[in-house]
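Enquirer: Provided herewith: target.txt, compact mmCIF, C-alpha atoms.
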# COMPACT_ATOMS: atom_id res chain seq x y z
CA MET A 1 -23.80 0.49 -21.89
CA LYS A 2 -20.65 -0.62 -23.71
CA LEU A 3 -18.99 -3.82 -22.53
CA ARG A 4 -15.85 -2.08 -21.29
CA SER A 5 -17.85 0.47 -19.32
CA PHE A 6 -20.03 -2.28 -17.88
CA ILE A 7 -16.99 -4.28 -16.73
CA ARG A 8 -15.53 -1.25 -14.99
CA PHE A 9 -18.85 -0.37 -13.39
CA ALA A 10 -19.37 -3.95 -12.22
CA ALA A 11 -15.85 -4.18 -10.81
CA LEU A 12 -16.23 -0.94 -8.88
CA ALA A 13 -19.60 -2.10 -7.54
CA ILE A 14 -18.14 -5.42 -6.38
CA LEU A 15 -15.21 -3.67 -4.70
CA ALA A 16 -17.65 -1.36 -2.92
CA LEU A 17 -19.73 -4.28 -1.69
CA CYS A 18 -16.65 -6.14 -0.46
CA LEU A 19 -15.45 -2.99 1.27
CA THR A 20 -18.77 -2.58 3.06
CA ALA A 21 -18.52 -6.11 4.39
CA GLU A 22 -14.95 -5.60 5.49
CA GLN A 23 -15.89 -2.51 7.46
CA VAL A 24 -17.49 -4.80 10.03
CA ARG A 25 -13.92 -5.41 11.16
CA ALA A 26 -12.92 -2.54 13.45
CA GLY A 27 -10.15 -0.34 12.18
CA GLU A 28 -10.22 -1.61 8.60
CA PRO A 29 -9.18 1.14 6.15
CA ALA A 30 -11.71 2.26 3.55
CA SER A 31 -9.66 4.97 1.84
CA ILE A 32 -6.08 4.80 0.56
CA ARG A 33 -3.79 7.47 -0.83
CA MET A 34 -0.42 6.96 -2.50
CA ALA A 35 2.04 9.70 -3.37
CA HIS A 36 5.23 9.54 -5.44
CA LEU A 37 7.38 12.56 -4.56
CA GLN A 38 10.65 13.81 -6.02
CA ILE A 39 12.69 15.69 -3.40
CA LYS A 40 15.48 18.19 -3.98
CA GLN A 41 18.67 16.36 -3.09
CA ASP A 42 20.01 19.10 -0.82
CA GLN A 43 16.67 19.26 1.01
CA LEU A 44 16.33 15.55 1.69
CA PRO A 45 17.41 15.57 5.39
CA ALA A 46 15.06 18.46 6.20
CA PHE A 47 12.22 16.86 4.26
CA THR A 48 12.68 13.52 6.03
CA ALA A 49 12.68 15.21 9.44
CA SER A 50 9.46 17.05 8.60
CA VAL A 51 7.83 13.84 7.36
CA LYS A 52 8.66 11.95 10.54
CA GLU A 53 7.34 14.77 12.74
CA GLU A 54 4.06 14.94 10.79
CA MET A 55 3.55 11.18 10.75
CA GLU A 56 4.13 10.87 14.50
CA ALA A 57 1.53 13.55 15.21
CA ALA A 58 -1.00 12.11 12.76
CA LEU A 59 -0.89 8.61 14.25
CA ARG A 60 -0.93 9.99 17.79
CA VAL A 61 -3.91 12.35 17.61
CA GLU A 62 -6.03 11.36 14.58
CA PRO A 63 -8.36 8.40 15.14
CA GLY A 64 -9.13 8.15 11.41
CA VAL A 65 -5.50 7.67 10.34
CA ILE A 66 -4.82 3.92 10.29
CA ALA A 67 -1.31 3.86 8.82
CA ILE A 68 1.21 5.97 6.94
CA TYR A 69 4.21 4.27 5.32
CA ALA A 70 7.06 6.28 3.81
CA ALA A 71 9.69 4.58 1.66
CA ALA A 72 12.57 5.68 -0.56
CA ASP A 73 13.72 4.28 -3.88
CA THR A 74 16.61 1.89 -3.26
CA ASN A 75 18.76 3.56 -5.91
CA ASN A 76 17.58 7.14 -5.42
CA PRO A 77 16.55 8.18 -1.89
CA ALA A 78 15.26 11.50 -3.24
CA GLN A 79 12.38 9.59 -4.84
CA MET A 80 9.95 8.82 -2.04
CA VAL A 81 6.68 6.91 -1.93
CA PHE A 82 3.90 7.30 0.64
CA PHE A 83 1.18 4.69 1.20
CA GLU A 84 -1.52 5.99 3.53
CA MET A 85 -4.59 4.20 4.91
CA TYR A 86 -7.58 6.01 6.41
CA ALA A 87 -10.78 4.87 8.09
CA ASP A 88 -12.76 6.65 5.37
CA GLU A 89 -12.61 9.57 2.97
CA ASN A 90 -13.70 12.01 5.66
CA ALA A 91 -10.74 10.98 7.83
CA TYR A 92 -8.39 11.85 4.96
CA GLN A 93 -9.96 15.28 4.53
CA ILE A 94 -9.74 15.91 8.29
CA HIS A 95 -6.07 14.88 8.17
CA ARG A 96 -5.29 17.47 5.50
CA ASP A 97 -6.81 20.23 7.65
CA THR A 98 -4.85 19.43 10.82
CA PRO A 99 -2.21 21.87 12.13
CA HIS A 100 0.55 19.25 11.83
CA PHE A 101 -0.26 18.51 8.18
CA GLN A 102 -0.51 22.20 7.32
CA LYS A 103 2.87 22.77 8.98
CA TYR A 104 4.36 19.88 6.98
CA PHE A 105 2.82 21.24 3.76
CA ARG A 106 4.18 24.76 4.26
CA THR A 107 7.59 23.48 5.31
CA THR A 108 8.10 21.06 2.42
CA LYS A 109 6.23 22.53 -0.56
CA ASP A 110 9.37 24.17 -1.98
CA MET A 111 11.48 21.06 -1.37
CA LEU A 112 9.63 19.09 -4.07
CA THR A 113 10.37 19.00 -7.78
CA GLY A 114 7.57 16.62 -8.71
CA ARG A 115 4.59 14.70 -7.33
CA VAL A 116 2.12 12.08 -8.49
CA LEU A 117 -0.92 11.48 -6.28
CA LEU A 118 -3.16 8.40 -6.46
CA GLU A 119 -6.59 7.90 -4.91
CA LEU A 120 -7.22 4.20 -4.26
CA VAL A 121 -9.75 1.80 -2.79
CA PRO A 122 -8.74 -1.39 -0.95
CA VAL A 123 -8.98 -4.69 -2.82
CA GLU A 124 -7.21 -7.00 -0.38
CA LEU A 125 -5.21 -5.96 2.69
CA ARG A 126 -3.14 -8.70 4.32
CA ASP A 127 -0.62 -8.11 7.09
CA ARG A 128 0.80 -9.42 10.35
CA TYR A 129 -1.34 -7.06 12.39
CA ASN A 130 -4.66 -8.85 11.77
CA THR A 131 -3.98 -12.54 11.18
CA PRO A 132 -5.44 -15.76 12.59
CA ALA A 133 -3.58 -17.44 15.43
CA ASP A 134 -2.44 -20.34 13.25
CA TYR A 135 -0.66 -18.09 10.74
CA ALA A 136 3.13 -18.00 10.66
CA ASP A 137 3.92 -15.19 13.10
CA ALA A 138 7.64 -15.39 13.72
CA THR A 139 8.02 -11.89 12.28
CA LYS A 140 4.98 -10.17 13.78
CA ASP A 141 7.22 -7.60 15.47
CA ALA A 142 10.14 -7.85 13.06
CA GLN A 143 11.80 -4.91 11.38
CA VAL A 144 10.86 -4.29 7.77
CA SER A 145 13.91 -3.70 5.59
CA SER A 146 12.61 -4.41 2.08
CA ILE A 147 9.61 -2.90 0.29
CA ARG A 148 8.27 -3.66 -3.17
CA ILE A 149 5.77 -1.53 -5.06
CA ALA A 150 3.98 -2.55 -8.24
CA HIS A 151 1.64 -0.62 -10.51
CA LEU A 152 -0.17 -3.01 -12.87
CA GLN A 153 -2.56 -2.47 -15.76
CA ILE A 154 -4.99 -5.40 -16.01
CA ARG A 155 -6.96 -6.49 -19.07
CA GLU A 156 -10.57 -5.56 -18.46
CA ASP A 157 -11.95 -8.91 -19.61
CA HIS A 158 -9.68 -10.70 -17.12
CA LEU A 159 -10.11 -8.39 -14.13
CA PHE A 160 -12.30 -10.67 -12.01
CA ALA A 161 -10.05 -13.69 -12.62
CA PHE A 162 -7.03 -11.57 -11.72
CA LEU A 163 -8.62 -10.46 -8.45
CA ASP A 164 -9.41 -14.07 -7.53
CA ALA A 165 -5.79 -15.11 -8.19
CA VAL A 166 -4.44 -12.16 -6.18
CA LYS A 167 -6.56 -12.92 -3.13
CA GLU A 168 -5.63 -16.61 -3.17
CA GLU A 169 -1.92 -15.84 -3.44
CA MET A 170 -1.95 -13.20 -0.73
CA GLU A 171 -3.80 -15.43 1.73
CA ALA A 172 -1.25 -18.20 1.21
CA ALA A 173 1.73 -15.84 1.51
CA LEU A 174 0.67 -14.45 4.88
CA ARG A 175 -0.35 -17.88 6.13
CA VAL A 176 2.89 -19.77 5.45
CA GLU A 177 5.70 -17.23 4.90
CA PRO A 178 7.18 -15.74 8.09
CA GLY A 179 9.23 -13.23 6.09
CA VAL A 180 6.19 -11.55 4.54
CA ILE A 181 5.04 -8.68 6.77
CA ALA A 182 2.30 -7.20 4.59
CA ILE A 183 0.84 -7.23 1.09
CA TYR A 184 -1.67 -4.52 0.28
CA ALA A 185 -3.60 -4.51 -3.00
CA ALA A 186 -5.62 -1.47 -4.06
CA ALA A 187 -7.35 -0.23 -7.19
CA ASP A 188 -7.67 3.20 -8.75
CA THR A 189 -10.86 4.84 -7.50
CA ASN A 190 -12.10 5.48 -11.04
CA ASP A 191 -10.50 2.58 -12.90
CA PRO A 192 -10.23 -0.83 -11.17
CA THR A 193 -8.02 -2.16 -13.98
CA LYS A 194 -5.22 0.01 -12.57
CA MET A 195 -3.92 -1.95 -9.60
CA THR A 196 -1.31 -0.97 -7.01
CA PHE A 197 0.55 -3.31 -4.66
CA PHE A 198 2.55 -2.22 -1.60
CA GLU A 199 4.50 -5.11 -0.07
CA MET A 200 6.71 -5.26 3.04
CA TYR A 201 9.27 -7.97 3.78
CA VAL A 202 11.73 -8.69 6.56
CA ASP A 203 14.57 -8.50 4.03
CA ASP A 204 15.41 -9.09 0.37
CA ALA A 205 15.95 -12.79 1.03
CA ALA A 206 12.34 -13.05 2.23
CA TYR A 207 11.15 -11.36 -0.96
CA GLN A 208 13.18 -13.71 -3.15
CA ALA A 209 11.91 -16.70 -1.16
CA HIS A 210 8.36 -15.42 -1.67
CA ARG A 211 8.81 -15.38 -5.44
CA ASP A 212 9.93 -19.01 -5.40
CA THR A 213 6.93 -20.34 -3.46
CA PRO A 214 4.37 -22.59 -5.19
CA HIS A 215 1.55 -20.10 -4.51
CA PHE A 216 3.44 -17.20 -6.09
CA GLN A 217 4.47 -19.30 -9.09
CA LYS A 218 0.84 -20.35 -9.54
CA TYR A 219 -0.27 -16.71 -9.39
CA PHE A 220 2.46 -15.69 -11.84
CA HIS A 221 1.55 -18.30 -14.44
CA ILE A 222 -2.19 -17.64 -14.12
CA THR A 223 -1.96 -13.85 -14.40
CA ARG A 224 1.02 -13.13 -16.66
CA ASP A 225 -1.18 -12.77 -19.77
CA MET A 226 -3.75 -10.70 -17.86
CA ILE A 227 -1.29 -7.85 -17.28
CA THR A 228 -0.68 -5.38 -20.12
CA ASP A 229 1.75 -3.07 -18.33
CA ARG A 230 3.72 -3.01 -15.10
CA ILE A 231 5.95 -0.61 -13.18
CA LEU A 232 8.00 -2.22 -10.41
CA LEU A 233 9.85 -0.31 -7.69
CA GLU A 234 12.27 -1.50 -5.02
CA ALA A 235 12.35 0.64 -1.88
CA VAL A 236 13.60 0.83 1.69
CA PRO A 237 11.68 2.13 4.72
CA VAL A 238 12.00 5.76 5.80
CA GLU A 239 9.25 5.79 8.43
CA LEU A 240 6.52 3.18 8.99
CA ARG A 241 3.63 4.10 11.28
CA ASP A 242 0.63 1.85 11.90
CA LYS A 243 -1.87 2.14 14.76
CA ARG A 244 -2.41 -1.63 14.83
CA ASN A 245 1.24 -2.50 15.41
CA THR A 246 3.81 0.04 14.32
CA PRO A 247 6.66 -1.83 12.59
CA SER A 248 10.18 -0.52 12.93
CA GLY A 249 11.58 1.55 10.10
CA ARG A 250 14.96 2.97 9.33
Using the file provided, produce a representation of the structure as structure tokens.

Expert:
Amino acid sequence: MKLRSFIRFAALAILALCLTAEQVRAGEPASIRMAHLQIKQDQLPAFTASVKEEMEAALRVEPGVIAIYAAADTNNPAQMVFFEMYADENAYQIHRDTPHFQKYFRTTKDMLTGRVLLELVPVELRDRYNTPADYADATKDAQVSSIRIAHLQIREDHLFAFLDAVKEEMEAALRVEPGVIAIYAAADTNDPTKMTFFEMYVDDAAYQAHRDTPHFQKYFHITRDMITDRILLEAVPVELRDKRNTPSGR
């Protein structure tokens, strides 16, 4: 087995083992989907209404749907991003077959001009909905108004070190920063060197404050040479639904 293939295989195996251990915690997602959708500008209000209706039904009647977050590009609301967490792969397949999803699909399929779909596995999921009592919790029920999304390509020979740095930084952020609502890290199902981050903040000031913290600066300096490519997106909430503690969206 070539070194690069071995590293990818080992990383996927480690992620699977970690995921199995995490499943001991009730309600922990095991399957994640992300979608980047381009909406026709004149269809945006109708699309948004259909999305909200479908999300409400999914969270209300489907036990396997943990959370669905919909956000829009800050500079172009017709570019929307969905981050969806399911109990397992079977729950996702069940979701797609439900009457409310099929209605959404039929209603919106001609409203789209482009889509990119990603199948992901959890790496580290940190949020205000499952945190120890001594964590900063001033914003546990606060409204999210700022979302950041990052797609990173990690050097294969630095993947394990990168994952260690990510987990340390995320733990510190949720422990001491009241303005950080959630940071979710996930990896491509077939290539763990492709990492995705979905982050929710009380506001832009909380995000900027996060970047200035010692733990983020440490993470930044440790990992900056481990990343070969990055795509960063700034977004605002459209609809945020989470069974554990649904945060308010716009």

Enquirer: Please list as number ranges by chain every residue within 9 Å of A:Gln153, counting all atoms listed in the file and excluding residues in the same chain fewer than 6 positions away.

Expert: A: 193-196, 226-230

Enquirer: Go through A:Ala67, A:Leu232, A:Ala205, A:Ala78 and flag the residue nearest A:Gly179, using only C-alpha atoms for the distances.

Expert: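 Closest to A:Gly179 of all the choices is A:Ala205.
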
Enquirer: Considering only C-alpha atoms, state which residue in the set A:Thr113, A:Thr189, A:Thr213, A:Gln143 is at the smallest distance from A:Ala173.

Expert: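 Checking each of A:Thr113, A:Thr189, A:Thr213, A:Gln143 against A:Ala173, counting only C-alpha atoms, the winner is A:Thr213.
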
Enquirer: For A:Thr223, find every residue with an atom within 12 Å (counting only C-alpha atoms), except residues of its own chain fewer than 3 positions away, and show them as a PyMOL selection string.

Expert: chain A and resi 152-155+158-166+169+216-220+226-228

Enquirer: Kindly export the residues of the current selection with C-alpha atoms, as a PDB file, keeping the file's coordinate frame.

Expert:
ATOM      1  CA  LEU A 152      -0.170  -3.010 -12.870  1.00  0.00           C
ATOM      2  CA  GLN A 153      -2.560  -2.470 -15.760  1.00  0.00           C
ATOM      3  CA  ILE A 154      -4.990  -5.400 -16.010  1.00  0.00           C
ATOM      4  CA  ARG A 155      -6.960  -6.490 -19.070  1.00  0.00           C
ATOM      5  CA  HIS A 158      -9.680 -10.700 -17.120  1.00  0.00           C
ATOM      6  CA  LEU A 159     -10.110  -8.390 -14.130  1.00  0.00           C
ATOM      7  CA  PHE A 160     -12.300 -10.670 -12.010  1.00  0.00           C
ATOM      8  CA  ALA A 161     -10.050 -13.690 -12.620  1.00  0.00           C
ATOM      9  CA  PHE A 162      -7.030 -11.570 -11.720  1.00  0.00           C
ATOM     10  CA  LEU A 163      -8.620 -10.460  -8.450  1.00  0.00           C
ATOM     11  CA  ASP A 164      -9.410 -14.070  -7.530  1.00  0.00           C
ATOM     12  CA  ALA A 165      -5.790 -15.110  -8.190  1.00  0.00           C
ATOM     13  CA  VAL A 166      -4.440 -12.160  -6.180  1.00  0.00           C
ATOM     14  CA  GLU A 169      -1.920 -15.840  -3.440  1.00  0.00           C
ATOM     15  CA  PHE A 216       3.440 -17.200  -6.090  1.00  0.00           C
ATOM     16  CA  GLN A 217       4.470 -19.300  -9.090  1.00  0.00           C
ATOM     17  CA  LYS A 218       0.840 -20.350  -9.540  1.00  0.00           C
ATOM     18  CA  TYR A 219      -0.270 -16.710  -9.390  1.00  0.00           C
ATOM     19  CA  PHE A 220       2.460 -15.690 -11.840  1.00  0.00           C
ATOM     20  CA  MET A 226      -3.750 -10.700 -17.860  1.00  0.00           C
ATOM     21  CA  ILE A 227      -1.290  -7.850 -17.280  1.00  0.00           C
ATOM     22  CA  THR A 228      -0.680  -5.380 -20.120  1.00  0.00           C
TER      23      THR A 228
END

Enquirer: Smallest atom-to-atom distance to A:Ala30: which of A:Ser50, A:Asn90, A:Thr74, A:Gln43, using only C-alpha atoms?

Expert: A:Asn90

Enquirer: Would you pick out the contacts of A:Gln38 at 12 Å or less, using only C-alpha atoms, so that residues sharing its chain but fewer than 3 positions from it are not included, and give the list as an MDAnalysis selection string?

Expert: chainID A and resid 35 41:44 47 72:73 76:82 108:117

Enquirer: Mind listing whatever residues come within 10 Å of the point (-9.1, 3.3, -10.1)? Use all atoms listed in the file, file coordinates, and give them as an MDAnalysis selection string.

Expert: chainID A and resid 8 12 118:121 186:196

Enquirer: Give me a file of those residues, with C-alpha atoms, as a compact mmCIF listing (two decimals), in the coordinates of the input.

Expert:
# COMPACT_ATOMS: atom_id res chain seq x y z
CA ARG A 8 -15.53 -1.25 -14.99
CA LEU A 12 -16.23 -0.94 -8.88
CA LEU A 118 -3.16 8.40 -6.46
CA GLU A 119 -6.59 7.90 -4.91
CA LEU A 120 -7.22 4.20 -4.26
CA VAL A 121 -9.75 1.80 -2.79
CA ALA A 186 -5.62 -1.47 -4.06
CA ALA A 187 -7.35 -0.23 -7.19
CA ASP A 188 -7.67 3.20 -8.75
CA THR A 189 -10.86 4.84 -7.50
CA ASN A 190 -12.10 5.48 -11.04
CA ASP A 191 -10.50 2.58 -12.90
CA PRO A 192 -10.23 -0.83 -11.17
CA THR A 193 -8.02 -2.16 -13.98
CA LYS A 194 -5.22 0.01 -12.57
CA MET A 195 -3.92 -1.95 -9.60
CA THR A 196 -1.31 -0.97 -7.01
